[in-house]
Number of protein chains: 10
Amino acid sequence: MPQTTSKISPNLETFANPKSERDYTIRIRIPEFTCLCPKTGQPDFAILHLEYIPNQYCLELKALKNYIWSFRDQGAFHEAVTNQILDELVATIEPRFMRLTAEFNVRGGLYTTIIAEYKTVA
Amino acid sequence: MPQTTSKISPNLETFANPKSERDYTIRIRIPEFTCLCPKTGQPDFAILHLEYIPNQYCLELKALKNYIWSFRDQGAFHEAVTNQILDELVATIEPRFMRLTAEFNVRGGLYTTIIAEYKTVA
Amino acid sequence: MPQTTSKISPNLETFANPKSERDYTIRIRIPEFTCLCPKTGQPDFAILHLEYIPNQYCLELKALKNYIWSFRDQGAFHEAVTNQILDELVATIEPRFMRLTAEFNVRGGLYTTIIAEYKTVA
Amino acid sequence: MPQTTSKISPNLETFANPKSERDYTIRIRIPEFTCLCPKTGQPDFAILHLEYIPNQYCLELKALKNYIWSFRDQGAFHEAVTNQILDELVATIEPRFMRLTAEFNVRGGLYTTIIAEYKTVA
Amino acid sequence: MPQTTSKISPNLETFANPKSERDYTIRIRIPEFTCLCPKTGQPDFAILHLEYIPNQYCLELKALKNYIWSFRDQGAFHEAVTNQILDELVATIEPRFMRLTAEFNVRGGLYTTIIAEYKTVA
Amino acid sequence: MPQTTSKISPNLETFANPKSERDYTIRIRIPEFTCLCPKTGQPDFAILHLEYIPNQYCLELKALKNYIWSFRDQGAFHEAVTNQILDELVATIEPRFMRLTAEFNVRGGLYTTIIAEYKTVA
Amino acid sequence: MPQTTSKISPNLETFANPKSERDYTIRIRIPEFTCLCPKTGQPDFAILHLEYIPNQYCLELKALKNYIWSFRDQGAFHEAVTNQILDELVATIEPRFMRLTAEFNVRGGLYTTIIAEYKTVA
Amino acid sequence: MPQTTSKISPNLETFANPKSERDYTIRIRIPEFTCLCPKTGQPDFAILHLEYIPNQYCLELKALKNYIWSFRDQGAFHEAVTNQILDELVATIEPRFMRLTAEFNVRGGLYTTIIAEYKTVA
Amino acid sequence: MPQTTSKISPNLETFANPKSERDYTIRIRIPEFTCLCPKTGQPDFAILHLEYIPNQYCLELKALKNYIWSFRDQGAFHEAVTNQILDELVATIEPRFMRLTAEFNVRGGLYTTIIAEYKTVA
Amino acid sequence: MPQTTSKISPNLETFANPKSERDYTIRIRIPEFTCLCPKTGQPDFAILHLEYIPNQYCLELKALKNYIWSFRDQGAFHEAVTNQILDELVATIEPRFMRLTAEFNVRGGLYTTIIAEYKTVA
């Protein structure tokens, strides 16, 4: 199963979808996302829920894990980083559908979740 | 990320939606809402669940927390205050969609939840 | 907030809907319903879940509690009493929508739930 | 509330629907179904979930309990017995809708659930 | 109930659907799937959730258990093996509908689930 | 199994302990206790948890159910009624040990539980 | 591993404890116990929890399952049958410690659990 | 049941223990405690769990509720306020035992609980 | 942190306890244990819970994982294999205390758990 | 409430125990601990549970949060870092009792928890 490194991010790699003639769904829960708050420099934590229908490529899991780790020292706003990750994953594998849900840990007594979707035009 | 204070309420502030070309959803759970019962003067407590699709603006979280706290000493009926908060948040950020769910604590053996929605005309 | 006593049941009272121009939902969980089995005279217990979209009137909660208590000494079949309560509440506030779900406690090893709805004709 | 014995099964009885002019739903959970495996003679156990919209008749609960007990010494395959019970209950009360879900206990490390529905033609 | 061995896999057997004139659903949860990672040779574990509407044949459970066990010593990628199992089960019983959900155990901090469906053309 | 009516309460009955030479424990959960508040006349509800080690007699369950029902129309303070029930059950069967836990439903935002024990002197 | 049939019950079998020099604990949960009520003839159901420290013998599981099934057509009071099963298992394997907990299904709104223990004299 | 106002706090009232000859336990869960952070002025929230063995007096519940409300506008450190409430309740009813557990809501990503006990010298 | 291979099992490795002057506890949950039933050849599955107080050595985790995998193709009775694993781990690191709990998956409707402990003589 | 910076770690601060004459317990749950694996450089995550009985000093929470964050870029073995944190906190406030429990996220299919305690000599 040869893997290809993404042009979008050097951390991302892909492999050929083994059943591209069928629409099927891949869900990946990633409980260990952490980045920094751009205002305060304090750590933020989130659980990411990724769901997609692959087209020609699937996301290689070990590389995906490294890609997620690459945010550890970056400043990132909740709304912006969720859309950025969705955009980079979409650009890497051009899926038929992708949704990213980011459940951030409580801050100031508020619990924030961001949900963003990508769909190909039918 | 410059912030703008709301004309609706001095407690509310907004920032520019970083991905306004996409419809995506922001959910905020706020477990610490408290106000006073207008009849008896006794404290009421609720968990608020806010969900919206931003248009040009998003709600700044620290200001939202202060806005929620501003009800601490106000008398408020369940049905009225839920609609009032929805109206003020809608007027502040003019979202594409917004829903507010207020789960009030038990009173007299009854558990009341109010759910109100706002949608722009398609 | 002046209240009006229901013509349907002296136990029920109403108040004017503070936001009648919007369709919004009120949910009330009532875990302490009890009546008597008409066959055996033995107590029955249920959790009631009421959900409605008010039109011009809302149900006053303290009166609703008294109305629910008024069944304590009445004989009532599961199916009949659920429909009777729905009918009386609908007649009292003429809502745009109302659903009553009655989860009765186990009897003879069987757990019975009755769900009845009222809708205005669109 | 006069009751009528079913022609389908002597164990089943019915009573007149007290609100036949309204479509409403009756759910009955029956956690104590047991029969015998036709292959091995060993006991099988299931939780039955019955849901129906009555037409002219409702199922009397005590008789339903006896009907369920009547399978205790019968050999029955999962798929066949679920459809048989649905057919007999439908024939007895001719409901507008009925669904029977049978969650069987684990056998050979596999957990099997059968879901069958009946609908009148609109 | 005569059983027929599948031409697709010698481990699979079928029996005649006892109620083929009705569309009904069979759900089977299989918590003990294990195979080997083709890259590392390390064991992988998954919970399989199978749901189908039978046409002329049903899956015999004891044979299904043996079929699942036959993957114990095989190398298998998550995406490929889920589609392979769905394909083999579909080819064996030609159901009206079938969905297979495979929840894999955590690997590298990531939790992966694959969901694939088969439908006959209406 | 002959039963004896209690001198303490006409609702209670006993039967001979079938294994009085062994200390063993009987737990009975009774989720349907209801009485009236002596101050307000409003219904109170509780879940009772009874645990005892029988000596010569056990509590007959159907009679115990009737005894619990006999409080339905009585005014009773939480602390007093829990101790009264314990005293009456102890006087009826003279057990080696008995504990009664009464979990009352929320009143005024407070959840009250009373736990009382009886032990024979060793 | 040669097995020995119990003299106490032909359904029970034992095998030699593989580590009799160590006190260790075996817990077996048996969710499918059913017998008949001696008063009414109606089925009763229970979950049995068995815990023991073996001495020279352990309980063979398949035989234990058959022993539990042998109560299916027997009339049995809750208190008596729990003590009887404990006595028969103790007589069969003479363990260092054994406790049997029988959680019976709800009857008449009451949930009964019986807990009986056996200990060798130190 | 005459009530006596506490000298410790005008909000607290007591009534005579109806069974002072027995050591029994009263548990009260109070989910609606709120005060202000002395450093920041921001609201704090906690669930209080009170447990005591009464001596001559019990805590009157409605007055206890008012006493808890009296902290709504007071600044209070977690450790200090938990010990203060325990001291005031002990001084009011001089119980044989009392424990107060205060579970504070998350602040700065940390969840703090304070547990303090009072015992009479044996 | 140099590691030492166990003489007991080539799969096990140890490292020096970084705080041997303190008694502290290490708990490891291992949800992926599988072996074969010696009677039937069918797979068995268990969740292992290991808890120990190290003396001079700790168990290296990656090697422990390989050791657990080494049972995949071995026939093993529940009682014997639990005691064997405890014995081999104790012989490898000579801890101050060790307990192994093995929760096996349901077989024949029975759920078995084995708990074995090792303690040094005080 | 004057605060004192710890000599042990510049991140830790203390304040005077407001009730040092009473033994009471402070529990702090810290779900956002992260460090790096010294072998692989990959992030590790843990939930810390701290419990202590203060003597003359308490831990200031905001400083404790900063102290916990200071491990974000440090390599740390599970066993060593748990004991190190306990030692540094004990040295800072010299409590009467302290226990630290560190629940690490799954690695290699294994879930590790470390529990270490400190007690003053009585």
# chains A, B, ... in the order shown; residues from 1 in each chain; ligands from 1
>>> interface_residues(of="chain H", to="chain J", cutoff="6 Å", atoms="only C-alpha atoms", output="ChimeraX atom specification")
/H:80,110-116
>>> residues_around(residues="Cys35 (chain F)", least_positions_apart="5", cutoff="6 Å", atoms="only C-alpha atoms", output="list in words")
Pro43, Asp44, Phe71, Arg72, Asp73 and Gln74 of chain F
>>> select_by_dssp(residues="chain D", states="helix (DSSP H, G or I)", output="PDB file with C-alpha atoms, in the first residue's frame")
ATOM      1  CA  LEU D  61     -51.964  -6.031  29.478  1.00  0.00           C
ATOM      2  CA  LYS D  62     -52.555  -8.965  31.828  1.00  0.00           C
ATOM      3  CA  ALA D  63     -53.603 -11.172  28.904  1.00  0.00           C
ATOM      4  CA  LEU D  64     -50.587  -9.961  26.908  1.00  0.00           C
ATOM      5  CA  LYS D  65     -48.377 -11.066  29.803  1.00  0.00           C
ATOM      6  CA  ASN D  66     -49.980 -14.532  29.729  1.00  0.00           C
ATOM      7  CA  TYR D  67     -49.595 -14.705  25.943  1.00  0.00           C
ATOM      8  CA  ILE D  68     -45.862 -13.914  26.277  1.00  0.00           C
ATOM      9  CA  TRP D  69     -45.539 -16.621  28.962  1.00  0.00           C
ATOM     10  CA  HIS D  78     -35.350 -15.778  16.557  1.00  0.00           C
ATOM     11  CA  GLU D  79     -36.506 -14.582  13.125  1.00  0.00           C
ATOM     12  CA  ALA D  80     -39.607 -16.777  12.977  1.00  0.00           C
ATOM     13  CA  VAL D  81     -40.944 -16.130  16.473  1.00  0.00           C
ATOM     14  CA  THR D  82     -40.610 -12.353  16.159  1.00  0.00           C
ATOM     15  CA  ASN D  83     -42.655 -12.377  12.963  1.00  0.00           C
ATOM     16  CA  GLN D  84     -45.173 -14.839  14.453  1.00  0.00           C
ATOM     17  CA  ILE D  85     -45.827 -12.650  17.517  1.00  0.00           C
ATOM     18  CA  LEU D  86     -46.210  -9.575  15.320  1.00  0.00           C
ATOM     19  CA  ASP D  87     -48.654 -11.440  13.052  1.00  0.00           C
ATOM     20  CA  GLU D  88     -50.761 -12.711  15.952  1.00  0.00           C
ATOM     21  CA  LEU D  89     -50.943  -9.320  17.661  1.00  0.00           C
ATOM     22  CA  VAL D  90     -51.834  -7.616  14.366  1.00  0.00           C
ATOM     23  CA  ALA D  91     -54.543 -10.198  13.651  1.00  0.00           C
ATOM     24  CA  THR D  92     -55.966  -9.699  17.151  1.00  0.00           C
ATOM     25  CA  ILE D  93     -56.324  -5.895  17.218  1.00  0.00           C
TER      26      ILE D  93
END
>>> atom_distance(atom1="CA of Leu36 (chain D)", atom2="CA of Thr34 (chain G)")
12.9 Å
>>> atom_distance(atom1="CA of Glu94 (chain G)", atom2="CA of Val106 (chain I)")
25.4 Å
>>> select_by_dssp(residues="chain D", states="strand (DSSP E)", output="count of residues only")
50
>>> residues_around(residues="Tyr118 (chain A)", least_positions_apart="3", cutoff="7 Å", atoms="only C-alpha atoms", output="list in words")
Phe97, Met98 and Arg99 of chain A
>>> atom_distance(atom1="CA of Glu103 (chain G)", atom2="CA of Thr40 (chain D)")
27.3 Å
